[in-house]
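Trainee: Below is work_35.txt; it holds compact mmCIF, N, CA and C atoms.
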```txt
# COMPACT_ATOMS: atom_id res chain seq x y z
N MET L 1 89.73 93.95 33.43
CA MET L 1 88.74 93.15 32.73
C MET L 1 89.43 91.89 32.18
N GLU L 2 88.85 90.75 32.46
CA GLU L 2 89.42 89.50 31.98
C GLU L 2 89.19 89.33 30.48
N GLN L 3 89.98 88.46 29.88
CA GLN L 3 89.88 88.20 28.44
C GLN L 3 88.48 87.74 28.05
N SER L 4 87.87 86.86 28.85
CA SER L 4 86.53 86.36 28.51
C SER L 4 85.50 87.49 28.61
N ASP L 5 85.66 88.40 29.55
CA ASP L 5 84.75 89.54 29.66
C ASP L 5 84.86 90.44 28.43
N ARG L 6 86.08 90.66 27.96
CA ARG L 6 86.29 91.48 26.76
C ARG L 6 85.67 90.81 25.53
N ALA L 7 85.84 89.52 25.42
CA ALA L 7 85.27 88.80 24.29
C ALA L 7 83.75 88.88 24.32
N TYR L 8 83.17 88.69 25.49
CA TYR L 8 81.71 88.76 25.61
C TYR L 8 81.21 90.16 25.28
N ALA L 9 81.92 91.17 25.73
CA ALA L 9 81.51 92.55 25.44
C ALA L 9 81.49 92.82 23.94
N LEU L 10 82.37 92.16 23.19
CA LEU L 10 82.40 92.34 21.74
C LEU L 10 81.24 91.61 21.04
N ILE L 11 80.90 90.42 21.51
CA ILE L 11 79.86 89.65 20.81
C ILE L 11 78.46 89.88 21.36
N GLU L 12 78.33 90.38 22.57
CA GLU L 12 77.02 90.54 23.21
C GLU L 12 76.02 91.33 22.37
N PRO L 13 76.41 92.43 21.72
CA PRO L 13 75.43 93.16 20.91
C PRO L 13 74.88 92.34 19.73
N GLN L 14 75.61 91.32 19.28
CA GLN L 14 75.18 90.50 18.15
C GLN L 14 74.32 89.30 18.56
N LEU L 15 74.28 88.97 19.84
CA LEU L 15 73.56 87.78 20.30
C LEU L 15 72.07 87.78 19.95
N PRO L 16 71.34 88.90 20.08
CA PRO L 16 69.91 88.85 19.72
C PRO L 16 69.66 88.41 18.28
N HIS L 17 70.55 88.76 17.36
CA HIS L 17 70.37 88.33 15.96
C HIS L 17 70.41 86.81 15.87
N PHE L 18 71.40 86.19 16.48
CA PHE L 18 71.53 84.74 16.42
C PHE L 18 70.44 84.06 17.23
N THR L 19 70.12 84.61 18.37
CA THR L 19 69.06 84.06 19.21
C THR L 19 67.72 84.18 18.51
N GLY L 20 67.51 85.26 17.77
CA GLY L 20 66.26 85.45 17.03
C GLY L 20 66.03 84.34 16.03
N ASP L 21 67.08 83.92 15.32
CA ASP L 21 66.94 82.82 14.35
C ASP L 21 66.59 81.52 15.06
N VAL L 22 67.21 81.27 16.19
CA VAL L 22 66.90 80.08 16.96
C VAL L 22 65.47 80.14 17.48
N PHE L 23 65.05 81.31 17.94
CA PHE L 23 63.68 81.48 18.44
C PHE L 23 62.66 81.20 17.33
N GLU L 24 62.92 81.65 16.12
CA GLU L 24 62.02 81.37 15.01
C GLU L 24 61.88 79.87 14.79
N GLU L 25 62.98 79.15 14.89
CA GLU L 25 62.92 77.70 14.73
C GLU L 25 62.11 77.06 15.86
N ILE L 26 62.26 77.55 17.07
CA ILE L 26 61.47 77.06 18.19
C ILE L 26 59.98 77.30 17.93
N CYS L 27 59.65 78.45 17.39
CA CYS L 27 58.26 78.78 17.08
C CYS L 27 57.70 77.83 16.02
N LYS L 28 58.49 77.52 15.01
CA LYS L 28 58.04 76.58 13.98
C LYS L 28 57.79 75.21 14.59
N GLN L 29 58.69 74.77 15.45
CA GLN L 29 58.51 73.46 16.09
C GLN L 29 57.25 73.45 16.96
N TYR L 30 56.98 74.56 17.61
CA TYR L 30 55.76 74.69 18.42
C TYR L 30 54.52 74.54 17.54
N LEU L 31 54.51 75.19 16.38
CA LEU L 31 53.37 75.09 15.47
C LEU L 31 53.20 73.67 14.95
N TRP L 32 54.29 73.00 14.63
CA TRP L 32 54.21 71.61 14.19
C TRP L 32 53.63 70.74 15.30
N ARG L 33 54.03 71.03 16.55
CA ARG L 33 53.50 70.26 17.68
C ARG L 33 51.99 70.46 17.80
N LEU L 34 51.52 71.70 17.66
CA LEU L 34 50.08 71.95 17.71
C LEU L 34 49.36 71.18 16.62
N LEU L 35 49.92 71.18 15.42
CA LEU L 35 49.31 70.46 14.30
C LEU L 35 49.26 68.96 14.60
N LYS L 36 50.37 68.42 15.07
CA LYS L 36 50.45 66.99 15.38
C LYS L 36 49.43 66.59 16.43
N GLU L 37 49.20 67.47 17.40
CA GLU L 37 48.25 67.18 18.48
C GLU L 37 46.81 67.49 18.07
N GLY L 38 46.61 67.93 16.84
CA GLY L 38 45.27 68.21 16.34
C GLY L 38 44.66 69.46 16.94
N ARG L 39 45.49 70.38 17.37
CA ARG L 39 44.99 71.59 18.02
C ARG L 39 45.20 72.84 17.17
N PHE L 40 45.22 72.65 15.85
CA PHE L 40 45.50 73.78 14.99
C PHE L 40 44.96 73.51 13.60
N VAL L 41 44.81 74.56 12.81
CA VAL L 41 44.38 74.39 11.42
C VAL L 41 45.44 73.60 10.67
N GLU L 42 45.01 72.89 9.65
CA GLU L 42 45.94 72.10 8.84
C GLU L 42 46.85 73.02 8.04
N PHE L 43 48.11 72.66 7.96
CA PHE L 43 49.04 73.30 7.04
C PHE L 43 50.04 72.25 6.60
N THR L 44 50.65 72.47 5.46
CA THR L 44 51.56 71.48 4.91
C THR L 44 53.01 71.93 4.90
N ASP L 45 53.25 73.21 5.12
CA ASP L 45 54.62 73.70 5.12
C ASP L 45 54.71 74.95 5.98
N LEU L 46 55.91 75.22 6.44
CA LEU L 46 56.20 76.44 7.20
C LEU L 46 57.54 76.96 6.74
N GLY L 47 57.64 78.26 6.59
CA GLY L 47 58.93 78.85 6.22
C GLY L 47 58.86 80.36 6.20
N ARG L 48 60.00 80.96 6.03
CA ARG L 48 60.10 82.41 5.93
C ARG L 48 59.64 82.84 4.54
N TRP L 49 59.00 84.00 4.46
CA TRP L 49 58.57 84.53 3.17
C TRP L 49 59.18 85.91 2.98
N TRP L 50 59.78 86.12 1.81
CA TRP L 50 60.30 87.42 1.40
C TRP L 50 59.62 87.79 0.10
N GLY L 51 59.28 89.04 -0.03
CA GLY L 51 58.68 89.46 -1.28
C GLY L 51 58.50 90.96 -1.35
N SER L 52 57.81 91.40 -2.37
CA SER L 52 57.58 92.82 -2.58
C SER L 52 56.17 93.20 -2.17
N ASN L 53 56.07 94.36 -1.56
CA ASN L 53 54.76 94.94 -1.28
C ASN L 53 54.48 95.91 -2.43
N PRO L 54 53.52 95.58 -3.30
CA PRO L 54 53.26 96.45 -4.46
C PRO L 54 52.72 97.82 -4.07
N ASN L 55 52.13 97.93 -2.90
CA ASN L 55 51.59 99.22 -2.45
C ASN L 55 52.69 100.19 -2.03
N THR L 56 53.68 99.67 -1.31
CA THR L 56 54.77 100.52 -0.81
C THR L 56 56.03 100.42 -1.66
N LYS L 57 56.03 99.45 -2.58
CA LYS L 57 57.19 99.19 -3.44
C LYS L 57 58.46 98.95 -2.61
N THR L 58 58.28 98.16 -1.54
CA THR L 58 59.39 97.79 -0.67
C THR L 58 59.43 96.28 -0.51
N GLN L 59 60.58 95.79 -0.11
CA GLN L 59 60.75 94.38 0.21
C GLN L 59 60.26 94.17 1.65
N VAL L 60 59.49 93.09 1.85
CA VAL L 60 58.98 92.78 3.19
C VAL L 60 59.25 91.31 3.50
N GLU L 61 59.18 91.01 4.77
CA GLU L 61 59.46 89.67 5.25
C GLU L 61 58.38 89.24 6.22
N ILE L 62 58.04 87.97 6.17
CA ILE L 62 57.18 87.35 7.18
C ILE L 62 58.02 86.23 7.79
N ASP L 63 58.20 86.28 9.11
CA ASP L 63 59.08 85.33 9.78
C ASP L 63 58.68 83.89 9.51
N ILE L 64 57.40 83.59 9.66
CA ILE L 64 56.90 82.24 9.38
C ILE L 64 55.58 82.36 8.64
N MET L 65 55.48 81.62 7.56
CA MET L 65 54.23 81.56 6.82
C MET L 65 53.96 80.10 6.49
N GLY L 66 52.70 79.73 6.57
CA GLY L 66 52.32 78.37 6.21
C GLY L 66 50.97 78.39 5.51
N ALA L 67 50.78 77.44 4.61
CA ALA L 67 49.50 77.32 3.92
C ALA L 67 48.95 75.92 4.11
N GLY L 68 47.64 75.86 4.33
CA GLY L 68 47.00 74.58 4.50
C GLY L 68 46.32 74.14 3.23
N ASP L 69 45.71 75.06 2.56
CA ASP L 69 45.04 74.82 1.29
C ASP L 69 44.97 76.16 0.58
N LYS L 70 44.18 76.24 -0.46
CA LYS L 70 44.11 77.48 -1.23
C LYS L 70 43.33 78.58 -0.51
N GLU L 71 42.67 78.23 0.59
CA GLU L 71 41.85 79.21 1.31
C GLU L 71 42.40 79.59 2.69
N THR L 72 43.36 78.84 3.22
CA THR L 72 43.79 79.03 4.59
C THR L 72 45.30 79.25 4.68
N ALA L 73 45.70 80.25 5.47
CA ALA L 73 47.13 80.52 5.66
C ALA L 73 47.40 81.00 7.08
N LEU L 74 48.63 80.85 7.45
CA LEU L 74 49.14 81.22 8.76
C LEU L 74 50.27 82.21 8.56
N PHE L 75 50.25 83.31 9.33
CA PHE L 75 51.28 84.34 9.26
C PHE L 75 51.80 84.58 10.67
N CYS L 76 53.12 84.55 10.85
CA CYS L 76 53.69 84.67 12.19
C CYS L 76 54.83 85.68 12.24
N GLU L 77 54.89 86.37 13.35
CA GLU L 77 56.00 87.27 13.67
C GLU L 77 56.63 86.74 14.94
N CYS L 78 57.96 86.71 14.98
CA CYS L 78 58.70 86.20 16.14
C CYS L 78 59.62 87.30 16.64
N LYS L 79 59.46 87.69 17.89
CA LYS L 79 60.26 88.78 18.46
C LYS L 79 60.97 88.31 19.72
N TRP L 80 62.28 88.21 19.64
CA TRP L 80 63.10 87.86 20.80
C TRP L 80 63.72 89.15 21.30
N THR L 81 62.99 89.86 22.14
CA THR L 81 63.43 91.15 22.65
C THR L 81 63.02 91.30 24.10
N ASN L 82 63.70 92.14 24.82
CA ASN L 82 63.38 92.36 26.24
C ASN L 82 62.22 93.32 26.44
N GLU L 83 61.80 94.01 25.38
CA GLU L 83 60.66 94.92 25.48
C GLU L 83 59.38 94.18 25.13
N LYS L 84 58.27 94.64 25.71
CA LYS L 84 56.98 94.07 25.33
C LYS L 84 56.67 94.45 23.89
N VAL L 85 56.06 93.53 23.17
CA VAL L 85 55.71 93.79 21.77
C VAL L 85 54.46 94.66 21.74
N ASN L 86 54.51 95.69 20.90
CA ASN L 86 53.42 96.65 20.85
C ASN L 86 52.53 96.48 19.62
N LEU L 87 51.50 97.26 19.57
CA LEU L 87 50.49 97.18 18.52
C LEU L 87 51.07 97.32 17.11
N PRO L 88 52.01 98.23 16.83
CA PRO L 88 52.52 98.33 15.47
C PRO L 88 53.12 97.02 14.92
N VAL L 89 53.69 96.20 15.78
CA VAL L 89 54.22 94.91 15.32
C VAL L 89 53.09 94.05 14.79
N LEU L 90 52.00 93.96 15.53
CA LEU L 90 50.83 93.19 15.09
C LEU L 90 50.23 93.79 13.82
N GLU L 91 50.08 95.10 13.78
CA GLU L 91 49.51 95.75 12.61
C GLU L 91 50.35 95.52 11.35
N THR L 92 51.66 95.53 11.50
CA THR L 92 52.55 95.26 10.36
C THR L 92 52.34 93.84 9.85
N LEU L 93 52.24 92.89 10.76
CA LEU L 93 52.00 91.50 10.36
C LEU L 93 50.68 91.37 9.61
N ILE L 94 49.64 92.00 10.12
CA ILE L 94 48.32 91.94 9.47
C ILE L 94 48.38 92.58 8.08
N THR L 95 49.06 93.72 7.97
CA THR L 95 49.22 94.38 6.67
C THR L 95 49.95 93.48 5.68
N ARG L 96 50.97 92.81 6.13
CA ARG L 96 51.70 91.90 5.24
C ARG L 96 50.83 90.71 4.85
N GLY L 97 50.00 90.25 5.76
CA GLY L 97 49.07 89.17 5.43
C GLY L 97 48.07 89.56 4.37
N GLU L 98 47.76 90.85 4.29
CA GLU L 98 46.81 91.35 3.29
C GLU L 98 47.37 91.27 1.86
N LEU L 99 48.66 91.00 1.73
CA LEU L 99 49.25 90.83 0.41
C LEU L 99 48.79 89.53 -0.25
N PHE L 100 48.16 88.66 0.52
CA PHE L 100 47.74 87.35 0.04
C PHE L 100 46.23 87.25 0.02
N GLU L 101 45.70 86.47 -0.90
CA GLU L 101 44.26 86.37 -1.13
C GLU L 101 43.60 85.19 -0.41
N PHE L 102 44.15 84.74 0.68
CA PHE L 102 43.55 83.64 1.41
C PHE L 102 42.26 84.10 2.09
N LYS L 103 41.26 83.24 2.09
CA LYS L 103 39.98 83.55 2.72
C LYS L 103 40.09 83.50 4.25
N HIS L 104 40.82 82.52 4.76
CA HIS L 104 40.98 82.34 6.21
C HIS L 104 42.44 82.59 6.57
N LYS L 105 42.66 83.61 7.38
CA LYS L 105 44.02 83.97 7.78
C LYS L 105 44.13 83.87 9.29
N HIS L 106 45.20 83.25 9.74
CA HIS L 106 45.49 83.12 11.17
C HIS L 106 46.82 83.82 11.43
N PHE L 107 46.84 84.66 12.44
CA PHE L 107 48.05 85.42 12.78
C PHE L 107 48.54 84.99 14.16
N TYR L 108 49.83 84.74 14.26
CA TYR L 108 50.47 84.41 15.53
C TYR L 108 51.61 85.40 15.75
N VAL L 109 51.73 85.89 16.96
CA VAL L 109 52.88 86.69 17.34
C VAL L 109 53.52 85.99 18.52
N PHE L 110 54.78 85.61 18.36
CA PHE L 110 55.56 84.93 19.38
C PHE L 110 56.54 85.93 19.99
N VAL L 111 56.65 85.92 21.31
CA VAL L 111 57.53 86.88 21.97
C VAL L 111 58.30 86.25 23.13
N LYS L 112 59.37 86.91 23.47
CA LYS L 112 60.16 86.51 24.63
C LYS L 112 59.56 87.07 25.91
N THR L 113 59.16 88.33 25.89
CA THR L 113 58.84 89.05 27.11
C THR L 113 57.36 89.25 27.40
N GLY L 114 56.59 89.67 26.44
CA GLY L 114 55.17 89.94 26.67
C GLY L 114 54.63 90.93 25.66
N PHE L 115 53.40 91.38 25.91
CA PHE L 115 52.69 92.25 24.98
C PHE L 115 52.17 93.49 25.70
N THR L 116 52.05 94.59 24.96
CA THR L 116 51.43 95.79 25.52
C THR L 116 49.92 95.58 25.55
N THR L 117 49.23 96.39 26.34
CA THR L 117 47.77 96.26 26.42
C THR L 117 47.11 96.56 25.08
N GLY L 118 47.66 97.49 24.30
CA GLY L 118 47.11 97.80 22.98
C GLY L 118 47.19 96.61 22.04
N CYS L 119 48.27 95.89 22.08
CA CYS L 119 48.45 94.71 21.24
C CYS L 119 47.47 93.61 21.67
N ILE L 120 47.34 93.41 22.96
CA ILE L 120 46.41 92.40 23.49
C ILE L 120 44.97 92.73 23.10
N ALA L 121 44.61 94.00 23.21
CA ALA L 121 43.24 94.42 22.89
C ALA L 121 42.94 94.20 21.41
N LYS L 122 43.88 94.55 20.53
CA LYS L 122 43.68 94.38 19.09
C LYS L 122 43.57 92.91 18.72
N ALA L 123 44.37 92.07 19.34
CA ALA L 123 44.31 90.63 19.08
C ALA L 123 42.95 90.07 19.48
N ALA L 124 42.45 90.49 20.63
CA ALA L 124 41.13 90.03 21.09
C ALA L 124 40.02 90.53 20.17
N GLU L 125 40.14 91.75 19.71
CA GLU L 125 39.14 92.35 18.82
C GLU L 125 39.06 91.60 17.49
N ARG L 126 40.20 91.24 16.93
CA ARG L 126 40.23 90.57 15.63
C ARG L 126 39.74 89.13 15.71
N GLY L 127 40.10 88.42 16.75
CA GLY L 127 39.65 87.04 16.90
C GLY L 127 40.45 86.00 16.13
N ASN L 128 41.25 86.40 15.16
CA ASN L 128 42.06 85.44 14.42
C ASN L 128 43.55 85.62 14.71
N VAL L 129 43.83 86.21 15.87
CA VAL L 129 45.20 86.46 16.30
C VAL L 129 45.45 85.73 17.61
N THR L 130 46.57 85.04 17.66
CA THR L 130 46.98 84.37 18.89
C THR L 130 48.32 84.95 19.31
N LEU L 131 48.42 85.37 20.56
CA LEU L 131 49.65 85.90 21.12
C LEU L 131 50.27 84.83 22.01
N VAL L 132 51.53 84.53 21.78
CA VAL L 132 52.18 83.44 22.49
C VAL L 132 53.49 83.93 23.10
N GLY L 133 53.60 83.82 24.41
CA GLY L 133 54.85 84.12 25.09
C GLY L 133 55.74 82.89 25.13
N PHE L 134 57.02 83.12 25.25
CA PHE L 134 57.98 82.01 25.27
C PHE L 134 57.63 80.99 26.35
N GLU L 135 57.21 81.49 27.51
CA GLU L 135 56.86 80.57 28.61
C GLU L 135 55.64 79.72 28.27
N ASP L 136 54.76 80.21 27.40
CA ASP L 136 53.57 79.45 27.00
C ASP L 136 53.91 78.27 26.10
N MET L 137 55.01 78.37 25.37
CA MET L 137 55.36 77.32 24.42
C MET L 137 55.79 76.04 25.09
N SER L 138 56.31 76.13 26.27
CA SER L 138 56.73 74.92 26.97
C SER L 138 55.62 74.40 27.89
N SER L 139 54.59 75.20 28.05
CA SER L 139 53.47 74.84 28.92
C SER L 139 52.47 73.97 28.19
N LYS L 140 51.81 73.11 28.92
CA LYS L 140 50.72 72.31 28.35
C LYS L 140 49.45 73.13 28.24
N GLN L 141 49.42 74.30 28.88
CA GLN L 141 48.26 75.18 28.83
C GLN L 141 48.42 76.13 27.65
N VAL L 142 48.14 75.66 26.45
CA VAL L 142 48.33 76.43 25.23
C VAL L 142 47.04 77.14 24.86
N ARG L 143 47.13 78.44 24.63
CA ARG L 143 45.97 79.23 24.20
C ARG L 143 45.82 79.07 22.69
N LEU L 144 44.67 78.63 22.26
CA LEU L 144 44.47 78.35 20.84
C LEU L 144 43.76 79.50 20.14
N SER L 145 43.97 79.56 18.84
CA SER L 145 43.28 80.54 18.01
C SER L 145 41.77 80.25 18.02
N LYS L 146 40.95 81.29 17.95
CA LYS L 146 39.50 81.13 17.96
C LYS L 146 38.98 80.54 16.67
N ASN L 147 39.72 80.65 15.59
CA ASN L 147 39.24 80.14 14.28
C ASN L 147 39.83 78.79 14.00
```
Could you spell out this file's structure in structure tokens?
Mentor:
Amino acid sequence: MEQSDRAYALIEPQLPHFTGDVFEEICKQYLWRLLKEGRFVEFTDLGRWWGSNPNTKTQVEIDIMGAGDKETALFCECKWTNEKVNLPVLETLITRGELFEFKHKHFYVFVKTGFTTGCIAKAAERGNVTLVGFEDMSSKQVRLSKN
């Protein structure tokens, strides 16, 4: 085994963590682009949110959160993984969004690979969820939220 192969074998398990942070930034830039093009609800800021869930008494995180006004908010989950994202990921995001009293909530789930049929069905049922694959972010054919 060459020296470079050994080095890669040591760092390879850590790459998804670093790539995940970069992917979150790409997702934020995508949302700003939608806003700039007038294809999205208004928001004034985007960032990570950390806080306490008073129901479970645990610390929780939302990868990207943005607020447009006192009634409208955006909640996003970003998953850079080789597996398709399943329904529990979406349900967790929705549950975390319930910690806030916004009247209009928009949920986005960004992924590298794709979604399970259960996740797709739940997103369609809710109507305020948009599922975005990495390949969709570079495409001009952007699927927009229904709200």
Trainee: What is the atom N of Trp49 in chain L to atom C of Phe18 in chain L distance in Å?
Mentor: 17.1 Å
Trainee: L:Met137, L:Cys27, L:Val22, L:Val132: which is nearest Gly114 in chain L, counting all atoms listed in the file?
Mentor: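 Residue with the minimum atom-to-atom distance to Gly114 in chain L: L:Val132.
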Trainee: So what do you get for atom C of Glu71 in chain L versus CA of Asp136 in chain L, distance-wise?
Mentor: 26.8 Å
Trainee: Return the single residue from L:Arg96, L:His106, L:Ala124, L:Gly38 that is closest to Thr58 in chain L, with distances computed using only C-alpha atoms.
Mentor: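 Checking each of L:Arg96, L:His106, L:Ala124, L:Gly38 against Thr58 in chain L, counting only C-alpha atoms, the winner is L:Arg96.
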Trainee: Write out as a JSON list (two decimals) with N, CA and C atoms, in the frame of the given file all residues of range 28-140 of chain L that DSSP puts in alpha helix (DSSP H) for this structure's backbone.
Mentor:
```json
[["chain", "number", "residue", "atom", "x", "y", "z"],
["L", 28, "LYS", "N", 58.49, 77.52, 15.01],
["L", 28, "LYS", "CA", 58.04, 76.58, 13.98],
["L", 28, "LYS", "C", 57.79, 75.21, 14.59],
["L", 29, "GLN", "N", 58.69, 74.77, 15.45],
["L", 29, "GLN", "CA", 58.51, 73.46, 16.09],
["L", 29, "GLN", "C", 57.25, 73.45, 16.96],
["L", 30, "TYR", "N", 56.98, 74.56, 17.61],
["L", 30, "TYR", "CA", 55.76, 74.69, 18.42],
["L", 30, "TYR", "C", 54.52, 74.54, 17.54],
["L", 31, "LEU", "N", 54.51, 75.19, 16.38],
["L", 31, "LEU", "CA", 53.37, 75.09, 15.47],
["L", 31, "LEU", "C", 53.20, 73.67, 14.95],
["L", 32, "TRP", "N", 54.29, 73.00, 14.63],
["L", 32, "TRP", "CA", 54.21, 71.61, 14.19],
["L", 32, "TRP", "C", 53.63, 70.74, 15.30],
["L", 33, "ARG", "N", 54.03, 71.03, 16.55],
["L", 33, "ARG", "CA", 53.50, 70.26, 17.68],
["L", 33, "ARG", "C", 51.99, 70.46, 17.80],
["L", 34, "LEU", "N", 51.52, 71.70, 17.66],
["L", 34, "LEU", "CA", 50.08, 71.95, 17.71],
["L", 34, "LEU", "C", 49.36, 71.18, 16.62],
["L", 35, "LEU", "N", 49.92, 71.18, 15.42],
["L", 35, "LEU", "CA", 49.31, 70.46, 14.30],
["L", 35, "LEU", "C", 49.26, 68.96, 14.60],
["L", 36, "LYS", "N", 50.37, 68.42, 15.07],
["L", 36, "LYS", "CA", 50.45, 66.99, 15.38],
["L", 36, "LYS", "C", 49.43, 66.59, 16.43],
["L", 87, "LEU", "N", 51.50, 97.26, 19.57],
["L", 87, "LEU", "CA", 50.49, 97.18, 18.52],
["L", 87, "LEU", "C", 51.07, 97.32, 17.11],
["L", 88, "PRO", "N", 52.01, 98.23, 16.83],
["L", 88, "PRO", "CA", 52.52, 98.33, 15.47],
["L", 88, "PRO", "C", 53.12, 97.02, 14.92],
["L", 89, "VAL", "N", 53.69, 96.20, 15.78],
["L", 89, "VAL", "CA", 54.22, 94.91, 15.32],
["L", 89, "VAL", "C", 53.09, 94.05, 14.79],
["L", 90, "LEU", "N", 52.00, 93.96, 15.53],
["L", 90, "LEU", "CA", 50.83, 93.19, 15.09],
["L", 90, "LEU", "C", 50.23, 93.79, 13.82],
["L", 91, "GLU", "N", 50.08, 95.10, 13.78],
["L", 91, "GLU", "CA", 49.51, 95.75, 12.61],
["L", 91, "GLU", "C", 50.35, 95.52, 11.35],
["L", 92, "THR", "N", 51.66, 95.53, 11.50],
["L", 92, "THR", "CA", 52.55, 95.26, 10.36],
["L", 92, "THR", "C", 52.34, 93.84, 9.85],
["L", 93, "LEU", "N", 52.24, 92.89, 10.76],
["L", 93, "LEU", "CA", 52.00, 91.50, 10.36],
["L", 93, "LEU", "C", 50.68, 91.37, 9.61],
["L", 94, "ILE", "N", 49.64, 92.00, 10.12],
["L", 94, "ILE", "CA", 48.32, 91.94, 9.47],
["L", 94, "ILE", "C", 48.38, 92.58, 8.08],
["L", 95, "THR", "N", 49.06, 93.72, 7.97],
["L", 95, "THR", "CA", 49.22, 94.38, 6.67],
["L", 95, "THR", "C", 49.95, 93.48, 5.68],
["L", 96, "ARG", "N", 50.97, 92.81, 6.13],
["L", 96, "ARG", "CA", 51.70, 91.90, 5.24],
["L", 96, "ARG", "C", 50.83, 90.71, 4.85],
["L", 97, "GLY", "N", 50.00, 90.25, 5.76],
["L", 97, "GLY", "CA", 49.07, 89.17, 5.43],
["L", 97, "GLY", "C", 48.07, 89.56, 4.37],
["L", 117, "THR", "N", 49.23, 96.39, 26.34],
["L", 117, "THR", "CA", 47.77, 96.26, 26.42],
["L", 117, "THR", "C", 47.11, 96.56, 25.08],
["L", 118, "GLY", "N", 47.66, 97.49, 24.30],
["L", 118, "GLY", "CA", 47.11, 97.80, 22.98],
["L", 118, "GLY", "C", 47.19, 96.61, 22.04],
["L", 119, "CYS", "N", 48.27, 95.89, 22.08],
["L", 119, "CYS", "CA", 48.45, 94.71, 21.24],
["L", 119, "CYS", "C", 47.47, 93.61, 21.67],
["L", 120, "ILE", "N", 47.34, 93.41, 22.96],
["L", 120, "ILE", "CA", 46.41, 92.40, 23.49],
["L", 120, "ILE", "C", 44.97, 92.73, 23.10],
["L", 121, "ALA", "N", 44.61, 94.00, 23.21],
["L", 121, "ALA", "CA", 43.24, 94.42, 22.89],
["L", 121, "ALA", "C", 42.94, 94.20, 21.41],
["L", 122, "LYS", "N", 43.88, 94.55, 20.53],
["L", 122, "LYS", "CA", 43.68, 94.38, 19.09],
["L", 122, "LYS", "C", 43.57, 92.91, 18.72],
["L", 123, "ALA", "N", 44.37, 92.07, 19.34],
["L", 123, "ALA", "CA", 44.31, 90.63, 19.08],
["L", 123, "ALA", "C", 42.95, 90.07, 19.48],
["L", 124, "ALA", "N", 42.45, 90.49, 20.63],
["L", 124, "ALA", "CA", 41.13, 90.03, 21.09],
["L", 124, "ALA", "C", 40.02, 90.53, 20.17],
["L", 125, "GLU", "N", 40.14, 91.75, 19.71],
["L", 125, "GLU", "CA", 39.14, 92.35, 18.82],
["L", 125, "GLU", "C", 39.06, 91.60, 17.49],
["L", 126, "ARG", "N", 40.20, 91.24, 16.93],
["L", 126, "ARG", "CA", 40.23, 90.57, 15.63],
["L", 126, "ARG", "C", 39.74, 89.13, 15.71],
["L", 134, "PHE", "N", 57.02, 83.12, 25.25],
["L", 134, "PHE", "CA", 57.98, 82.01, 25.27],
["L", 134, "PHE", "C", 57.63, 80.99, 26.35],
["L", 135, "GLU", "N", 57.21, 81.49, 27.51],
["L", 135, "GLU", "CA", 56.86, 80.57, 28.61],
["L", 135, "GLU", "C", 55.64, 79.72, 28.27],
["L", 136, "ASP", "N", 54.76, 80.21, 27.40],
["L", 136, "ASP", "CA", 53.57, 79.45, 27.00],
["L", 136, "ASP", "C", 53.91, 78.27, 26.10],
["L", 137, "MET", "N", 55.01, 78.37, 25.37],
["L", 137, "MET", "CA", 55.36, 77.32, 24.42],
["L", 137, "MET", "C", 55.79, 76.04, 25.09]]
```
Trainee: How many Å lie between atom C of Phe107 in chain L and CA of Gln59 in chain L, rounded to one decimal?
Mentor: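 Straight-line distance from atom C of Phe107 in chain L to CA of Gln59 in chain L works out to 20.8 Å.
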Trainee: What's the 7 Å shell around Gly68 in chain L, counting only C-alpha atoms, without same-chain residues fewer than 6 positions away, as a VMD selection string?
Mentor: chain L and resid 42 to 44
Trainee: With a distance cut-off of 5 Å and all atoms listed in the file, select the neighbouring residues of Val111 in chain L, excluding the residue or stretch itself and same-chain residues fewer than 4 positions from it, and output the selection as number ranges by chain.
Mentor: L: 79, 132-134
